[in-house]
Structures are given as structure tokens and as C-alpha cells.
Amino acid sequence: MLSKVNLRAYSSAVKPSSISSTLLLSRNPVITADIPKFEDQYFKYQNELWRRLMWTFPKWFYYRVGTLSEQRFRELNKRPLYNNPNIEYPRGRPEIRQERDRRFKQEVILPKTYEENKSSEDEEAAANTSMSRKITPNSRTTKADESGDTSSLERKLARTLYLVINDGKSWKFPNFSLQSTEAVKPLHLLAEEGLYQIGGKNINYFNVSNTPCHLINKDDSKEYLIKSHILSGQFVPQQSLKFMWLTKEELSEHLDATYFKEVEHLLNEI
Amino acid sequence: MLHRCQGGMQRLCEEGLKRLGSVKAITQIRTATKRTSGSKTNKNDSAGRRLGPKAYEGHFVNPGQIIMRQRGTVVHPGENVGIGKDHTIFALEPGYVRFYYNPFHPLRKYVGVALKKSLTLPTPHFAPRIRRFGYEEILDSSEAEKEESRMSRKEYLQRPKLEKARQESEYQDEQRLNKLVETFKEKFDLGLSESELNTVSDRFLKVCKLFSVGSSVEEAANQVTSDHILSLRLQNTNGSLSKEDMEKQVDAYLKLVNKFDGSVSVDANGNPCEKLSFSEKQSRCNEVLKTLEETYSNRVLSDEDKTTVYSLINNPLLFTKEEQTTLLDKYLPPVLPISVKDSIVEDIDLENVPNDINIVKLFDESTGTIKTVGRKKQAYSDLSKISASSY
Amino acid sequence: MFQQSRKVVIEQTGVIRDFIRHKRTSAISPSTQRVVNQLSAISATRKQPKLINLCNEDLIKHRTITNAWKLYNRKKNEKRMATLQKQYESIKNAMEDLKHTSPELYEAANKKETEKRFPIEMRIPTEYPPTKPWIYEYTHPSEKEK
Amino acid sequence: MLQRNILRQSVKGVRTFGSHGPQHGVWSNREKPAALKLKDEEVYRDLMNKIEPGKGPASIKNMSQRWSYHSPLLIDETFKVAYDLLEQESEKCYNRIDEIKKQLEQGSSADSSTASRLRDELATLEVDAEKFNPEVLYNVEYFPESVDRSLPVYRKYLERKWKEYDLPVTMQRLEQLHVIPDTMPTLDPKANVKVKFGHNTEPELAGWITPGRLLPSFAVSSPPTISVQEFDGINDKSLYSVLLVNPDTPDVPANSFKTSLHYGLCNISLNYVENTIKPLDLLLNPENRVFKEYVPLLPEKNAQVQRACLWVFRQEKELSNVQFSSDNFDIRAFAQENALTAVGAHVWRQQFDRSVNGLREKYGLEKGRVFHRVRRPYPLANHDD
């Protein structure tokens, strides 16, 4: 009851037409983030230490003596040189236990399930048939990255991309204001309908929350920001609109500086 | 009579409890393990164990007197009391029994012995402890002398050995002293009188001893000076030296020391040597190191070269013993490293090997291969032989 | 006959076993042997490497690396916490403002979304991209009806 | 020390560097005290660059061990990145330090609270800027005796080291031997106090004395050398008092003990670097500093083990005309009267041995009493003081 009274008291304060909803439509990363240089180096170093401190591989347990696979394993992993008292070792005498030099990490080479040095044709033929084929992962950079196509959803797979549009004046996030004639519409619906209007209906998106995540207060208007993710489909401009999918750094170049500073903390760095 | 006595005891106990104030009244309960009167279930009866407090609050107790008999620690031992293996609490000091609580263990009851009647327990945490000395002075002089010369069996058995060691060291000191006086007379032109020479030698010996247990030369010299001045001062306070004499002697000693320390120093072996200034020592060290680095490193050394290197390094004036071993290991290693190219002969006829070459098998870690090469016998050096030949 | 049957056995199994008259007995039974084998795989005996004994320089290098790692992570966490704080502040600010600007919109924004489900199309980033990085073929349910 | 100097001189030319290091970066380029750098050139080379396989690190003195040394894989590459990262962080600190210094110079008239806040920040920044420098780490780890104590970063590391071992040992001995509270009520330790009797030629008695040790009388026959290492919060004008008391002097009439004073120093000026009280210095200039000459503890026969408790106090002001009674000394009252704050303490123990009589003669004391071997059960005199 009380709240309703409050509602009435406030409702006439601001004109509905001054309220607008801005959509932060993002494409989430498809692949894992690029590791910074220091982290990468640190992990590699730790990995080396870890391998150095690893116990000797119990090959007799995995490869039974006398079997074919054991023979293949033996061919790949040569025995280290034993501590021969008649030989001089300028870099220290080896300490062999269970066919491993205790001073170093043990490098175990496992027999491959596929044949090495096969011609590409054979490989292609085997690619679809053989379960034990060699796995070659796709490249982390795509064609869109190479061609510099900023309107593609396939660019910068490791980063979060945000949709910005240009209506002839400047680049900005899509913004939709309430028409004074129509009834008051929730902010997220306003953004959704606006998006369908400018980008076509074939966009599968996920609205994170109905709650606005930020407010940009200007003299005569209030812009509420709504966050959502595009999951599939694509943005097809319905009018003569230019659009781009940009990362945070690129946004700082294209957006107005003060505007970017306002929304900077809402944008994802990876 | 007995009755009255008991009554008195009870009164005392009550009085003690009143004084205790905050402490809960400890009522005398007979906490026997078995009831004394017979019962149906306890056929195998045993007598009461006569537990409970044997001395009450405020009672005077002597050392060893039992204060409490109990099963388990009903009451914990506090100050000046001990606890037996059956948790019997007994006094360690003569004094007055106090039952109390300890703020550090709020759930425990304690009993202690206060050394004075006026004292309460626990003693305040930051206050000094009150302690009893308890030893009587022996006033009879002959008795006192006898007691003083009494020694433990261990000390008694060790005495001849210690005495022998003392004499031995005294003898050695004397020998060294004589030798030092000779050295100072012959090798160093100090211009000192006989008595001064003796003082100086004595001082030098002391400095050497301190130097050998790890103090620096300067530190040791200061220590010896201070010891000497202190002994003069003490002679003055004892009355065997007048004040003027003392001051005169101190001045003379300081002057002598100044003169002596300016010209003589201790080398790494603990022998007297010419004093070098820091910069001079540095430059000479560098010179030696430079020669070693430039002419005698990374190549096969002949026997003469080895002797030269050894004598260069074995210089107690310039290098400490640690530095000497490090340098010897560096420039005269047991075997030269394989990185020294001219110590290795690659093409070798295994059928007839020259006399001055050893055949060795080398494992190359980077390639993982074994190489058979010849190494010149000169590449091997034996320090004991070199040191023998250098003298 | 006996010879023949042995031959058959060899042909069938490929294993040549010499005939032993008495019962086969070994010190350990095969099942025990298997257990011993399994235990040997997890036991530490003769499998542990030498401890790493770093020289002075390398020890300091290692400590420097660890120091840098700690500092790096601390900075990273501080930055993340600051961003989260800012984001929270801006949500709060926006909602406070909305309450005054338009109570209807505030109500709508605060409405409980009971029917909402997390979309199954959303995928976790993988190390390498799929063959088709993006699905373009999507038609809105209302379009489909047409 | 000498060895390192020699080695520094022996390498020709200036420092040689690898791909990274001095050309950029604040740790190697900035004008800084030499104490923040590594003295040994060869060690510096191996610290900053890859240790050449087969040649080995310069810090290993044994040659065959040195040649057979293997570094862990990838340590150098990772170190390079880590070093750059830390150096950048340090550069930020130095920039901030410059800024603050400028502010302090300009705004000397500004209110004192901001100035003191800035000064505090400056003190922490000075430590932060250098605390991860590998050269500093190396110096403090391997030459803790010879680092420059005037630099706050070294003091921070030395304090940490002290708190890890020496402090717990000292506190344990002080508490278990009841130095606390038999002499002073308690101690808030601020300084590392070490004691040494320099005249001893036996290896087991030479060097710093572990707190709580039982020492023979001849080992304490001349005044001790005392080192008081402070770590923070003092200036050049700091003055110290040192008291050596024996709380176990027998008080036969009272059948108890009293405290006697055996050594009393005051107005000793110490700082971070000059931290040692040397006996020679005190002997030559005792004016206004020695108010009680050193007399060693000389326990009498059968008077049991006695504790020599050495207390170091920070003074508020210079003392003059100190009033005391050395025979029945009240250390608590003395400290309160002269406004002394205890910063550190040390303890050793002594008992009668064969060297006592000779020393008594030397120090002009009368012959010691002899007590009965057996302790009597006579109670304490019952009158109150």
C-alpha cells in the first residue's frame, strides 16, 4: 500500500521519453584466454620442477615383460648409461635406479596409436575412419582475424566481443528510448524489441538479468544499461546501419573517451 | 585431650577458610574408594584410604610434610610444593599452607606454601618471586677450608689430566715466546729494549691465540690492550700500584703498542709478518691473481709451473687459509677440466701409447657419447707432492 | 599319443612349456604375484628422484620467481576485487535511481524471474575452436511459425 | 670479505651483462648505495645470466662439484621475466619516493600530520622498492654479517631472521630461568642483544654466548663486549644504559636473596651501524658512561648456581649523577627513576669453581664465605619489611 502511494508520488517526476535502455550485447569467448607471458613461463618452469621430482615410471606395470607393446616401448626409450667406473664423467657420475638417472627428470616416450610420417592423403583417408588417427586441433586464429573483418562473430575467439553500431554520427552501443505514446515497458523488453528491430529476429540471446547494470545520467535523459549474451544466430542490420563486434581495447579506440570511461568497468578483459 | 586437639584443628581450618575469602570452602569429605561399613554388594571390603588434606589453610609445614592425600589431582600443586606418584602433595619449603585459585587455570584448585605468614598466593604475576636461601655459613675457618677444597669425584679424577694439559700449554707458550723474542730481535728492526721486547712478544702471543679462535687481528689486539690496562687498574685498586705509576705504565704501554702494531701483523699461519696497508695488500693480491689468471690458467702446467703456482698461492701474508684452499682447487685441481684443450690428445694410436699420456674414456653429456682420448699426465696434479717439492 | 597332445597344445596356444612331472609350485602364487606387482607400482622404493639441491645463485633465482608470482597474483586479485566493487556500486546506483525515476520500471526490473533457465546453448571455452566456431542458423520461434 | 674484494678486482673491465639487466631498469641503472649491489662480480654474472653448463656457478668453491652442477630447466628464462616484472614494480616505488621527497621539501610548512604520514609512507616504500631485488636477497642470505645496517631493507630482513631463531631462544631462557620477573617485570624485545667475552682463547668459549649458558668464572674475568642491534625507530642520538645484575646474591640475615649490581653503563650512544659496546673504548674514556666498574659474578662455595642478568635500556635523556647501591640494588626502581625502557636482555649462569678464588684476589675482594653443603629447613624470617 505504502509503496503504491510512493509510486504515484514519484511517477510524474520524470518524463518517460527521457528514459532509454542501452544494450551491452556480448559474445562470450569460444576458446580459452591467451595466457600472459609471465604466467605461461611460470607454469612451464613449475612443470619442469614437477617432472624433475616425479617418481620413476613403473613400466613393468604398464608394459608386461615379453609383450609386443613392451618391445615397442623399449625401442622408444633407450636405457641411460650406467655408472661405469672405467669412464670419466666430467658432469657428474650417473645415479641409475630402475633405468632412470635420479639426477634428472625422466622422459617417457609412449608408443603412438598412429603411424608417424604418413603421407597427407593417407591421413585424410584415415581421418574419418580410424579411431586412432592423429588429432590435429583447429587453429586458434580464424579467417576473420586474418582479413580483419570486424563485423564477424568469428573474430578474436579468445575474447569477449561487444556489439557497437554506427548510425552515421558516431559509434555507440545500441540504445532504445521509450516512445512517449506507448505504455511503459520494462527496460529489458525495450532492449530486446529494439534489438530485433535493428538486427532482425534471428538472434538467440540470453538476458542476464532484468536489472540494469549501470546508469548513465545526462542532463535531460537517463540511459540504463542491460547486459546480455548472444548465443547463436547473427546480427543482420535492417536499416542502413554499420555495426562491429569489438573487444574492450578496440572499444576504447572507437567510442567517445568520456563515454568509454563511464562503462569501462562493465567490460570484460578476457 | 584428643577431642580438644581436633576441635582446635577444625577452628584453625575454619579461620583459614575465612581468610581465604573467595575460595570455596573445602569441606572435609571422606573420599574413600570403598565404604568402611559393610554392604551387600561390597563383600571384599577394604579399609578407608585415609585421604584428604593433612594440613589446612594457614598451617605451618616443614619441607617434606604431606599436605594432601588424594586420588588424582583434586588439588593441583602450586608454589613451593611437590607432587608424588600417587598425587600426594607435600611441602618443599617451610611456610604456611594456602589453598587458592590461579587465574591462568580458572578451573583448578591449587595448594601452595607461602614463605611468610603475611603473604598470599598466588604471587602477583609480575612481582619477583620470594625465595628462601636456606644455606648456613660455616664459621669455623678450618671446617670452611675443608669444605671449600672438597671436590666431586668427577673433578677429582679429572685433576691430574687437567694439570698436565695446563703444564703442557704453559711449556708450549714459553717455547713460542722465546722463539718470538728471537724473531723480533733478528728479523724486525723495532729498536726496543729487552723488557719491551718481552712485553711485545707476550702481547703478540695472546693476539695469535685470539686470532686462531676466529677474531680479527684488530679485534684481538684491542682485546689484549684492554686486558692489560684492566689488570694495571686492578693492581691500582688492590693497592699494589700507585695511581701515578699506573697511569705512567698505561701510557707507556699504549705508546709501545702503537709503535708495534704499526709495523708487525699476524699472517694466516699465526706468525709475525710485516704489516701491509690495506691498499698495498689489495694491490699485491691482485697482482698475484692476475699472474695466475693470465699465465697459469686454462693450460697444462709443467712441474716447475706447478711449484710456482703453489708458492704464489701459499702466501700466508696475502691469503687466509680458506682462500688458499679455494685458489689451489681452482688453479691446481686434481685433474684439469676437459675444457682445457691442450690437456687432451684426440688422435691417439691405442697400440703404442706415449709415456706421458693416460688413456681415458670420457662421457660427453651433451651428445650422450663416450669418447676415448689421451690426457697428458701433466694435467693431473698431486698437491702433497707439489708442496713437498716446493720446500 | 602324449606327444601328439602336446603338439596340439603348442599349436593352439603358441606357448611352449616343458613338461614337469610334479605339480607346478612357485614361491608365490600368481594372484599374490599380481598384488605384489600392483603394490610395486605405487610404492616409493627405488623410485624417488634425488632432491633438488640448488646452488646459491639458483636458490635466489627461484625465490625471485616465487616473489614475482606472489606479487603478480596479488595485483591481479586486487584489480579484480576493485572491478567487482565498482560493478556492484553501479548496479546499486542504477536501481536506486530507477526507484525514483520510474517506479513501474523499478518493479519490472525487480520482478522475480521464476521461469528463466540457463540456456543450454551456452558453451564453456575450449583450448581449440570447434570446426564451426559459430552457429549462424537460428530462427526465432515466432519466425518459424510463419 | 677479502676474497670477494679480490675477486671483484680480478675481473677485468666493468660488469658484463647478458641480454637484460642494466641498460634499462631501476635496479641496475639508478644511482644507489653500493651496499645494495652484489660485491662479487662472478656471482653477479651467474645470478643475472645463465649458469654455463660445465663451468658451473661461482658460489660453489669445490671445482669438481662446480663443474658437475645442473641448473633446473627453464629457471633462467623464468627468472628473466620475473626480474623484469619486479623491477617495474620497484620503479613505481622509486617514482613515488621522488614525488614524496619533492612534496616534503616544498611543503615543509604544511601540517605535521600529513608530513608524518608521508614520512611513514616513504619508510615503507624504501623497503618495498628493494625488498625483492635478487642482489639484496643474496647479500642478506649469504653475507648477513656484512650487510649495511643503515639501509632499512637489510634491517627488515635481519629482524625477520632474528625473530625466527635468536629471539625465541632468548625469551625462552629469560622466562624459564625466571629472569622475568625476578629482575624486571617483563620485556618487550626490540633489540638483538648479544654478549661475548673477547679474552677467551678456548674455541668453545670464544664467540657470542648462547643465552642461559653455564660459564666458568675465568671465562667472565674481564668485561664483556655487548652488541645491541636495533631494527627500527631510533635516531643517531639514541642513548642506552646497560645493567648487569645478580638476583641470587645470598642475604644470610634474611635467609633470602638480594640483587647486586655488577656492571653499570649509561649514556652509551649506539646506532644501527655502530652497535657494539667495546671494553677498550670504555676503559680509555669512562667519563659519565661507566657508573659501576665491571666486577664478575664470583659465587661462593655451595651458594648454588647464580644468574647474571644483563639488561639493555633505552634512555629518554642523558643521565648524570646516578644514585644507586650496588650491594642491594633495586633494578625496577632504578629503571623507573631514570626513565629507562628495557629493549633487550641476556642471561648466563655461574657457580663456584676453582678459578673463583684467584679472581677474587685479582679484583680485590675478600675471601668468599663457605656455606654448608646441606640445605637447612629453617623458615624465612617472619617479620614484614
# chains A, B, ... in the order shown; residues from 1 in each chain; ligands from 1
$ residues_around --residues "B:Gly374" --least-positions-apart "3" --cutoff "12 Å" --atoms "only C-alpha atoms" --output "ChimeraX atom specification"
/B:338,341-350,352-362,371,377-379
$ interface_residues --of "chain D" --to "chain C" --cutoff "9 Å" --atoms "only C-alpha atoms" --output "number ranges by chain"
D: 43-44, 46-48, 51, 57-60, 69-72, 75-76, 78-83, 85-86, 132-135, 137-138, 141-142
$ interface_residues --of "chain A" --to "chain B" --cutoff "7 Å" --atoms "only C-alpha atoms" --output "PyMOL selection string"
chain A and resi 87-89
$ interface_residues --of "chain D" --to "chain B" --cutoff "6 Å" --atoms "only C-alpha atoms" --output "ChimeraX atom specification"
/D:181-182,185,201,203,255-256,280,364,370-372,375-376,379,382
$ closest_atom_pairs --of "chain A" --to "chain D" --cutoff "8 Å" --atoms "only C-alpha atoms" --output "tab-separated table"
residue	atom	partner	partner_atom	distance
A:Phe38	CA	D:Val81	CA	6.1
A:Gln41	CA	D:Thr78	CA	5.6
A:Tyr42	CA	D:Thr78	CA	6.2
A:Lys44	CA	D:Leu74	CA	7.6
A:Tyr45	CA	D:Leu74	CA	5.6
A:Glu48	CA	D:Leu73	CA	6.3
A:Leu49	CA	D:Pro72	CA	7.0
A:Pro90	CA	D:Ser68	CA	6.5
A:Arg91	CA	D:Ser68	CA	3.9
A:Gly92	CA	D:Ser68	CA	4.7
$ atom_distance --atom1 "atom CA of D:Asn246" --atom2 "atom CA of D:Tyr378"
23.6 Å
$ atom_distance --atom1 "atom CA of A:Phe173" --atom2 "atom CA of C:Glu96"
23.0 Å
$ residues_around --residues "B:His105" --least-positions-apart "6" --cutoff "12 Å" --atoms "only C-alpha atoms" --output "list in words"
His76, Gly78 and Pro122 of chain B
$ write_last_selection --atoms "N, CA, C and O atoms" --output "PDB file, in the first residue's frame"
ATOM      1  N   HIS B  76      45.706 -29.169  42.740  1.00  0.00           N
ATOM      2  CA  HIS B  76      46.969 -29.181  41.998  1.00  0.00           C
ATOM      3  C   HIS B  76      48.094 -28.605  42.845  1.00  0.00           C
ATOM      4  O   HIS B  76      47.846 -27.761  43.706  1.00  0.00           O
ATOM      5  N   GLY B  78      50.849 -26.115  43.788  1.00  0.00           N
ATOM      6  CA  GLY B  78      51.146 -24.730  43.429  1.00  0.00           C
ATOM      7  C   GLY B  78      52.572 -24.378  43.784  1.00  0.00           C
ATOM      8  O   GLY B  78      53.485 -25.171  43.542  1.00  0.00           O
ATOM      9  N   PRO B 122      48.030 -16.727  44.764  1.00  0.00           N
ATOM     10  CA  PRO B 122      49.288 -16.775  44.021  1.00  0.00           C
ATOM     11  C   PRO B 122      50.057 -15.466  44.109  1.00  0.00           C
ATOM     12  O   PRO B 122      49.460 -14.420  44.282  1.00  0.00           O
TER      13      PRO B 122
END
$ residues_around --residues "A:Ser170" --least-positions-apart "5" --cutoff "10 Å" --atoms "only C-alpha atoms" --output "list of chain:residue names"
A:Val164, A:Ile165, A:His254, A:Leu255, A:Asp256
$ select_by_dssp --residues "stretch 117-190 of chain D" --states "alpha helix (DSSP H)" --output "number ranges by chain"
D: 117-130, 134-142, 152-164, 166-176, 179-182
$ closest_atom_pairs --of "chain C" --to "chain A" --cutoff "6 Å" --atoms "only C-alpha atoms" --output "tab-separated table"
residue	atom	partner	partner_atom	distance
C:Ala41	CA	A:Pro58	CA	5.6
C:Lys47	CA	A:Thr56	CA	4.8
C:Gln48	CA	A:Trp55	CA	4.9
C:Pro49	CA	A:Arg102	CA	4.5
C:Lys50	CA	A:Arg102	CA	5.3
C:Thr83	CA	A:His265	CA	5.9
C:Ser90	CA	A:His214	CA	5.1
C:Ile91	CA	A:Cys213	CA	4.5
C:Ala94	CA	A:Leu215	CA	4.9
C:Thr101	CA	A:Val14	CA	5.9
C:Ser102	CA	A:Ser11	CA	5.7
C:Pro103	CA	A:Leu7	CA	5.4
C:Leu105	CA	A:Pro186	CA	5.4
C:Ala108	CA	A:Pro186	CA	5.6
C:Ala109	CA	A:Thr211	CA	4.8
C:Pro125	CA	A:Ile31	CA	4.3
C:Thr126	CA	A:Ile31	CA	4.6
C:Glu127	CA	A:Thr32	CA	5.3
C:Tyr128	CA	A:Ile31	CA	5.9
C:Pro129	CA	A:Ile31	CA	5.8
C:Ile135	CA	A:Ser232	CA	5.2
C:Tyr136	CA	A:Gly233	CA	4.2
C:Glu137	CA	A:Gly233	CA	5.6
C:Tyr138	CA	A:Gly233	CA	4.7
C:Thr139	CA	A:Asn202	CA	4.9
C:His140	CA	A:Asn202	CA	5.2
$ residues_around --residues "D:Gly358" --least-positions-apart "6" --cutoff "12 Å" --atoms "only C-alpha atoms" --output "NGL selection string"
:D and (217-218 or 221 or 298 or 352 or 364-368)
